[in-house]
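Engineer: Structure provided below as structure tokens; questions to follow.
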Amino acid sequence: MIDAAIHVEKLSKSFAGQPAVDAISFSVATGSTTALLGGNGAGKTTTISMLLGLLLPDSGTIRVLGEDMVKHRYRVLPRVNFSSPYVELPHRLSVRENLTVYGHLYGVSKLKQRIAQLAEELELIDFLDRASGRLSAGQKTRVAIAKAMLNQPELLLLDEPTASLDPDTADWVRGYFRAYQQRSGATILLASHNMAEVERLCDQVVMMKQGGIVDAGSPAQLRERYGRNDLEQVFLDIARNRRLPHGAA
Ligand SMILES: Nc1ncnc2c1ncn2[C@@H]1O[C@H](COP(=O)(O)OP(=O)(O)OP(=O)(O)O)[C@@H](O)[C@H]1O
């Protein structure tokens, strides 16, 4: 795929001889939203870490936004960002201080205005000057999203973007990502265990199991292939080897 935002071929990574990601190949079209799905230990975080250049692959190629990630990581990183509720921001710094530090790291121009804009968009104004360690889980998630949006990324990698959010806030955050994508043309790759969220947000789903890709397609294609009404059932079928996709050997 020539205009893919992400193109991965035969990508592998082992830890102590145990394959965590095993020769996977996939592409993510520019401007699309793709979900990486799979049970615990399937290899999603390892894949995302390699896409971000945090882990070096043992073999295979990764092109991100047209660049070879292993050779030209520093050309790519200013155009990418990442959010995970599992990565904590420094606790003692206030929200504003954290966003300022990251903004400087990313080389964001007119940083004060950008922080004010994100504080307004993500409803952070009431706790901008509070220590980041004193926020609720949901507030931390919104701050992590603000951090990820500072450089207006062309590619956004999201690990469990709505974990710990109440249903109303989670819905609002999904709408926020959708609106950002529509106005910027950004590409989103997310790992999620929330199948309703994936159905709502994603054009493509890549199903991982034990380090490999076991199936891929749009949510509608996967539902049809497995004869199911929702993606949760498809996920369970794959996880439990309950049935092969229609037409598979
Ligand atoms: N730093 C590491 N050292 C050793 N093994 C690792 C390391 N990171 C991941 N693994 C192993 O690699 C495999 C894939 O892990 P990974 O974190 O990529 O899975 P995941 O799909 O993100 O799972 P989860 O949904 O639980 O977050 C697992 O067996 C895990 O134990």
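Lettering and numbering for the structure tokens are positional, with chains as A, B, ... in the shown order, residues counted from 1 in each chain, and ligands counted from 1 in the shown order.
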Please identify every polymer residue within 6 Å of ligand 1, using only C-alpha atoms and all ligand atoms, and present the set as a list in words.

Structural biologist: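 Listing the residues within 6 Å of ligand 1 gives Phe15, Ala20, Gly38, Gly39, Asn40, Gly41, Ala42, Gly43, Lys44, Thr45 and Thr46 of chain A.
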
Engineer: Neighbours of stretch 80-84 of chain A within 8 Å (only C-alpha atoms; same-chain residues fewer than 4 positions away dropped), as an mmCIF file with N, CA and C atoms, in the first residue's frame?

Structural biologist:
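Resulting contents of result09.cif:
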```cif
data_model
loop_
_atom_site.group_PDB
_atom_site.id
_atom_site.type_symbol
_atom_site.label_atom_id
_atom_site.label_comp_id
_atom_site.auth_asym_id
_atom_site.auth_seq_id
_atom_site.Cartn_x
_atom_site.Cartn_y
_atom_site.Cartn_z
ATOM 1 N N VAL A 76 10.635 10.908 12.148
ATOM 2 C CA VAL A 76 9.231 10.511 12.261
ATOM 3 C C VAL A 76 8.609 10.999 13.574
ATOM 4 N N THR A 141 -6.356 10.547 32.465
ATOM 5 C CA THR A 141 -6.505 10.104 31.069
ATOM 6 C C THR A 141 -6.667 11.302 30.153
ATOM 7 N N ALA A 144 -3.370 12.953 29.714
ATOM 8 C CA ALA A 144 -2.517 12.157 28.814
ATOM 9 C C ALA A 144 -2.924 12.391 27.358
ATOM 10 N N ILE A 145 -4.217 12.556 27.123
ATOM 11 C CA ILE A 145 -4.684 12.839 25.751
ATOM 12 C C ILE A 145 -4.199 14.228 25.329
ATOM 13 N N LYS A 147 -1.544 15.754 26.320
ATOM 14 C CA LYS A 147 -0.103 15.597 26.035
ATOM 15 C C LYS A 147 0.093 15.021 24.632
ATOM 16 N N ALA A 148 -0.736 14.035 24.297
ATOM 17 C CA ALA A 148 -0.599 13.386 22.982
ATOM 18 C C ALA A 148 -1.006 14.302 21.827
ATOM 19 N N MET A 149 -1.839 15.325 22.130
ATOM 20 C CA MET A 149 -2.331 16.205 21.057
ATOM 21 C C MET A 149 -1.458 17.445 20.890
ATOM 22 N N ASN A 151 1.473 18.199 19.777
ATOM 23 C CA ASN A 151 2.162 18.446 18.499
ATOM 24 C C ASN A 151 1.267 18.177 17.289
ATOM 25 N N PRO A 153 -0.446 15.508 16.126
ATOM 26 C CA PRO A 153 0.213 14.408 15.423
ATOM 27 C C PRO A 153 -0.529 13.973 14.159
ATOM 28 N N GLU A 154 0.276 13.576 13.170
ATOM 29 C CA GLU A 154 -0.312 12.994 11.956
ATOM 30 C C GLU A 154 -0.659 11.534 12.197
ATOM 31 N N LEU A 155 0.043 10.924 13.157
ATOM 32 C CA LEU A 155 -0.250 9.540 13.548
ATOM 33 C C LEU A 155 -0.364 9.486 15.061
ATOM 34 N N LEU A 156 -1.500 8.963 15.516
ATOM 35 C CA LEU A 156 -1.779 8.893 16.946
ATOM 36 C C LEU A 156 -1.887 7.420 17.331
ATOM 37 N N LEU A 157 -1.037 6.992 18.271
ATOM 38 C CA LEU A 157 -1.092 5.607 18.750
ATOM 39 C C LEU A 157 -1.735 5.644 20.137
ATOM 40 N N LEU A 158 -2.810 4.929 20.295
ATOM 41 C CA LEU A 158 -3.570 5.010 21.545
ATOM 42 C C LEU A 158 -3.679 3.627 22.171
ATOM 43 N N ASP A 159 -3.210 3.513 23.408
ATOM 44 C CA ASP A 159 -3.346 2.254 24.125
ATOM 45 C C ASP A 159 -4.532 2.420 25.080
ATOM 46 N N GLU A 160 -5.564 1.650 24.883
ATOM 47 C CA GLU A 160 -6.751 1.713 25.757
ATOM 48 C C GLU A 160 -7.182 3.156 26.014
ATOM 49 N N PRO A 161 -7.596 3.893 24.968
ATOM 50 C CA PRO A 161 -7.791 5.335 25.132
ATOM 51 C C PRO A 161 -8.887 5.728 26.121
#
```

Engineer: So which residues of stretch 49-170 of chain A fall under alpha helix (DSSP H) by DSSP, listed as number ranges by chain?

Structural biologist: A: 49-51, 73-76, 95-106, 111-121, 137-149, 167-170

Engineer: Which residues, written as number ranges by chain, have at least one atom at most 10 Å from stretch 205-216 of chain A, with only C-alpha atoms counted and residues fewer than 5 positions away on the same chain left out?

Structural biologist: A: 11-14, 18-28, 33-44, 46-47, 189-191, 198-199, 221-222, 231, 234-235, 238-239, 245

Engineer: Keeping N, CA and C atoms for every residue in the selection just given, could you write it to a file as a short mmCIF file (atom, residue, chain, number, x, y, z; two decimals), in the first residue's frame?

Structural biologist:
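Generated output (out35.cif):
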```
data_model
loop_
_atom_site.label_atom_id
_atom_site.label_comp_id
_atom_site.auth_asym_id
_atom_site.auth_seq_id
_atom_site.Cartn_x
_atom_site.Cartn_y
_atom_site.Cartn_z
N LEU A 11 7.55 -8.50 10.77
CA LEU A 11 8.13 -7.91 11.98
C LEU A 11 8.15 -8.94 13.12
N SER A 12 9.32 -9.11 13.73
CA SER A 12 9.44 -10.08 14.82
C SER A 12 10.22 -9.49 15.99
N LYS A 13 9.83 -9.93 17.18
CA LYS A 13 10.57 -9.57 18.40
C LYS A 13 10.41 -10.68 19.43
N SER A 14 11.52 -11.15 19.95
CA SER A 14 11.47 -12.17 21.01
C SER A 14 12.06 -11.62 22.28
N GLN A 18 11.66 -16.22 23.56
CA GLN A 18 10.21 -16.45 23.41
C GLN A 18 9.63 -15.39 22.46
N PRO A 19 9.03 -15.78 21.33
CA PRO A 19 8.50 -14.76 20.42
C PRO A 19 7.32 -13.99 21.04
N ALA A 20 7.44 -12.67 21.07
CA ALA A 20 6.33 -11.83 21.53
C ALA A 20 5.55 -11.33 20.31
N VAL A 21 6.28 -11.07 19.22
CA VAL A 21 5.67 -10.69 17.93
C VAL A 21 6.37 -11.55 16.89
N ASP A 22 5.57 -12.23 16.08
CA ASP A 22 6.12 -13.30 15.25
C ASP A 22 5.80 -13.08 13.77
N ALA A 23 6.69 -12.39 13.06
CA ALA A 23 6.59 -12.23 11.60
C ALA A 23 5.24 -11.63 11.15
N ILE A 24 4.84 -10.55 11.79
CA ILE A 24 3.55 -9.96 11.40
C ILE A 24 3.74 -8.93 10.27
N SER A 25 2.74 -8.85 9.39
CA SER A 25 2.71 -7.88 8.30
C SER A 25 1.33 -7.24 8.28
N PHE A 26 1.28 -5.92 8.25
CA PHE A 26 0.00 -5.23 8.09
C PHE A 26 0.24 -3.79 7.67
N SER A 27 -0.82 -3.16 7.12
CA SER A 27 -0.74 -1.76 6.72
C SER A 27 -1.91 -1.01 7.32
N VAL A 28 -1.69 0.27 7.58
CA VAL A 28 -2.76 1.14 8.07
C VAL A 28 -2.86 2.32 7.10
N THR A 33 -8.74 4.72 10.91
CA THR A 33 -8.58 4.28 12.30
C THR A 33 -8.54 2.76 12.31
N THR A 34 -7.48 2.22 12.88
CA THR A 34 -7.30 0.76 12.92
C THR A 34 -7.15 0.32 14.37
N ALA A 35 -7.77 -0.81 14.70
CA ALA A 35 -7.62 -1.37 16.05
C ALA A 35 -6.72 -2.58 16.00
N LEU A 36 -5.85 -2.66 16.98
CA LEU A 36 -5.04 -3.86 17.21
C LEU A 36 -5.72 -4.57 18.37
N LEU A 37 -6.29 -5.74 18.09
CA LEU A 37 -7.02 -6.45 19.14
C LEU A 37 -6.32 -7.76 19.46
N GLY A 38 -6.55 -8.24 20.66
CA GLY A 38 -5.99 -9.53 21.06
C GLY A 38 -6.02 -9.63 22.57
N GLY A 39 -6.00 -10.84 23.05
CA GLY A 39 -6.05 -11.06 24.50
C GLY A 39 -4.76 -10.61 25.17
N ASN A 40 -4.71 -10.77 26.48
CA ASN A 40 -3.50 -10.39 27.22
C ASN A 40 -2.30 -11.18 26.70
N GLY A 41 -1.22 -10.46 26.45
CA GLY A 41 0.01 -11.11 25.99
C GLY A 41 0.04 -11.42 24.51
N ALA A 42 -0.92 -10.90 23.75
CA ALA A 42 -0.98 -11.21 22.30
C ALA A 42 0.14 -10.53 21.52
N GLY A 43 0.71 -9.46 22.06
CA GLY A 43 1.81 -8.77 21.36
C GLY A 43 1.48 -7.36 20.92
N LYS A 44 0.36 -6.80 21.38
CA LYS A 44 -0.07 -5.47 20.93
C LYS A 44 0.91 -4.38 21.40
N THR A 46 3.97 -4.67 22.45
CA THR A 46 5.29 -4.86 21.83
C THR A 46 5.28 -4.28 20.41
N THR A 47 4.20 -4.50 19.68
CA THR A 47 4.09 -3.96 18.32
C THR A 47 4.09 -2.43 18.36
N LEU A 189 -4.06 4.51 15.33
CA LEU A 189 -3.96 3.07 15.62
C LEU A 189 -4.20 2.90 17.10
N LEU A 190 -5.18 2.08 17.46
CA LEU A 190 -5.46 1.94 18.89
C LEU A 190 -5.52 0.48 19.31
N ALA A 191 -5.10 0.24 20.54
CA ALA A 191 -5.29 -1.06 21.16
C ALA A 191 -6.41 -0.89 22.16
N VAL A 198 -14.41 -0.12 19.48
CA VAL A 198 -13.74 -0.48 18.23
C VAL A 198 -14.75 -0.44 17.08
N GLU A 199 -15.94 -0.96 17.32
CA GLU A 199 -16.96 -0.95 16.26
C GLU A 199 -17.31 0.47 15.86
N GLN A 221 -16.87 -6.85 7.95
CA GLN A 221 -16.34 -8.06 7.29
C GLN A 221 -16.11 -9.17 8.31
N LEU A 222 -15.56 -8.82 9.46
CA LEU A 222 -15.27 -9.84 10.47
C LEU A 222 -16.57 -10.43 11.04
N LEU A 231 -18.70 -7.65 17.41
CA LEU A 231 -17.27 -7.94 17.39
C LEU A 231 -16.81 -8.70 18.63
N VAL A 234 -16.97 -12.25 17.86
CA VAL A 234 -15.87 -12.61 16.95
C VAL A 234 -14.59 -12.77 17.76
N PHE A 235 -14.35 -11.81 18.65
CA PHE A 235 -13.15 -11.84 19.49
C PHE A 235 -13.10 -13.14 20.31
N ILE A 238 -12.29 -16.20 18.20
CA ILE A 238 -10.87 -16.30 17.85
C ILE A 238 -10.06 -16.70 19.10
N ALA A 239 -10.36 -16.03 20.21
CA ALA A 239 -9.60 -16.30 21.44
C ALA A 239 -9.74 -17.76 21.87
N PRO A 245 -13.06 -19.02 10.49
CA PRO A 245 -13.86 -18.16 9.64
C PRO A 245 -14.43 -18.94 8.47
#
```

Engineer: For A:Arg178, which residue out of A:Ser32, A:Tyr106, A:Glu232, A:Pro90 is the nearest one, using only C-alpha atoms?

Structural biologist: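 Of A:Ser32, A:Tyr106, A:Glu232, A:Pro90, the one nearest A:Arg178 is A:Ser32, counting only C-alpha atoms.
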
Engineer: If you run DSSP on the backbone here, which positions in stretch 177-216 of chain A get strand (DSSP E or B)? Please write them as JSON, numbers by chain.

Structural biologist: {"A": [187, 188, 189, 190, 191, 204, 205, 206, 207, 208, 209, 212, 213, 214, 215, 216]}

Engineer: Would you mind listing what lies within 9 Å of stretch 126-136 of chain A as a list in words, with only C-alpha atoms counted and same-chain residues fewer than 3 positions away left out?

Structural biologist: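 What passes the distance filter is Glu88, Leu89, Pro90, His91, Arg92, Leu93, Ser94, Val95, Arg96, Glu97, Asn98, Ala119, Glu123, Gln139, Lys140, Thr141 and Val143 of chain A.
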
Engineer: Please list as a PyMOL selection string every residue within 8 Å of A:Leu65, counting only C-alpha atoms and excluding residues in the same chain fewer than 2 positions away.

Structural biologist: chain A and resi 4-6+63+67+76+155

Engineer: Mind dumping the selected residues with N, CA and C atoms as a tab-separated table (two decimals), in the first residue's frame?

Structural biologist:
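File part.tsv, as written:
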```tsv
chain	number	residue	atom	x	y	z
A	4	ALA	N	0.26	4.20	2.69
A	4	ALA	CA	-0.04	3.75	4.05
A	4	ALA	C	0.71	4.61	5.07
A	5	ALA	N	0.03	4.94	6.17
A	5	ALA	CA	0.70	5.66	7.25
A	5	ALA	C	1.63	4.71	8.01
A	6	ILE	N	1.23	3.44	8.06
A	6	ILE	CA	2.07	2.41	8.70
A	6	ILE	C	2.14	1.23	7.74
A	63	ARG	N	7.72	0.87	8.22
A	63	ARG	CA	7.69	2.22	7.64
A	63	ARG	C	6.55	2.99	8.32
A	67	GLU	N	8.67	6.77	6.27
A	67	GLU	CA	10.09	6.67	6.66
A	67	GLU	C	10.38	5.31	7.29
A	76	VAL	N	10.64	10.91	12.15
A	76	VAL	CA	9.23	10.51	12.26
A	76	VAL	C	8.61	11.00	13.57
A	155	LEU	N	0.04	10.92	13.16
A	155	LEU	CA	-0.25	9.54	13.55
A	155	LEU	C	-0.36	9.49	15.06
```

Engineer: Between atom CA of A:Gln204 and atom CA of A:Leu122, what is the spacing in Å?

Structural biologist: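 Computing the Euclidean distance for atom CA of A:Leu122 and atom CA of A:Gln204 yields 26.5 Å.
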
Engineer: Rounded to one decimal in Å, what is the spacing between atom CA of A:Pro85 and atom CA of A:Ser184?

Structural biologist: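 Those two atoms sit 23.7 Å apart.
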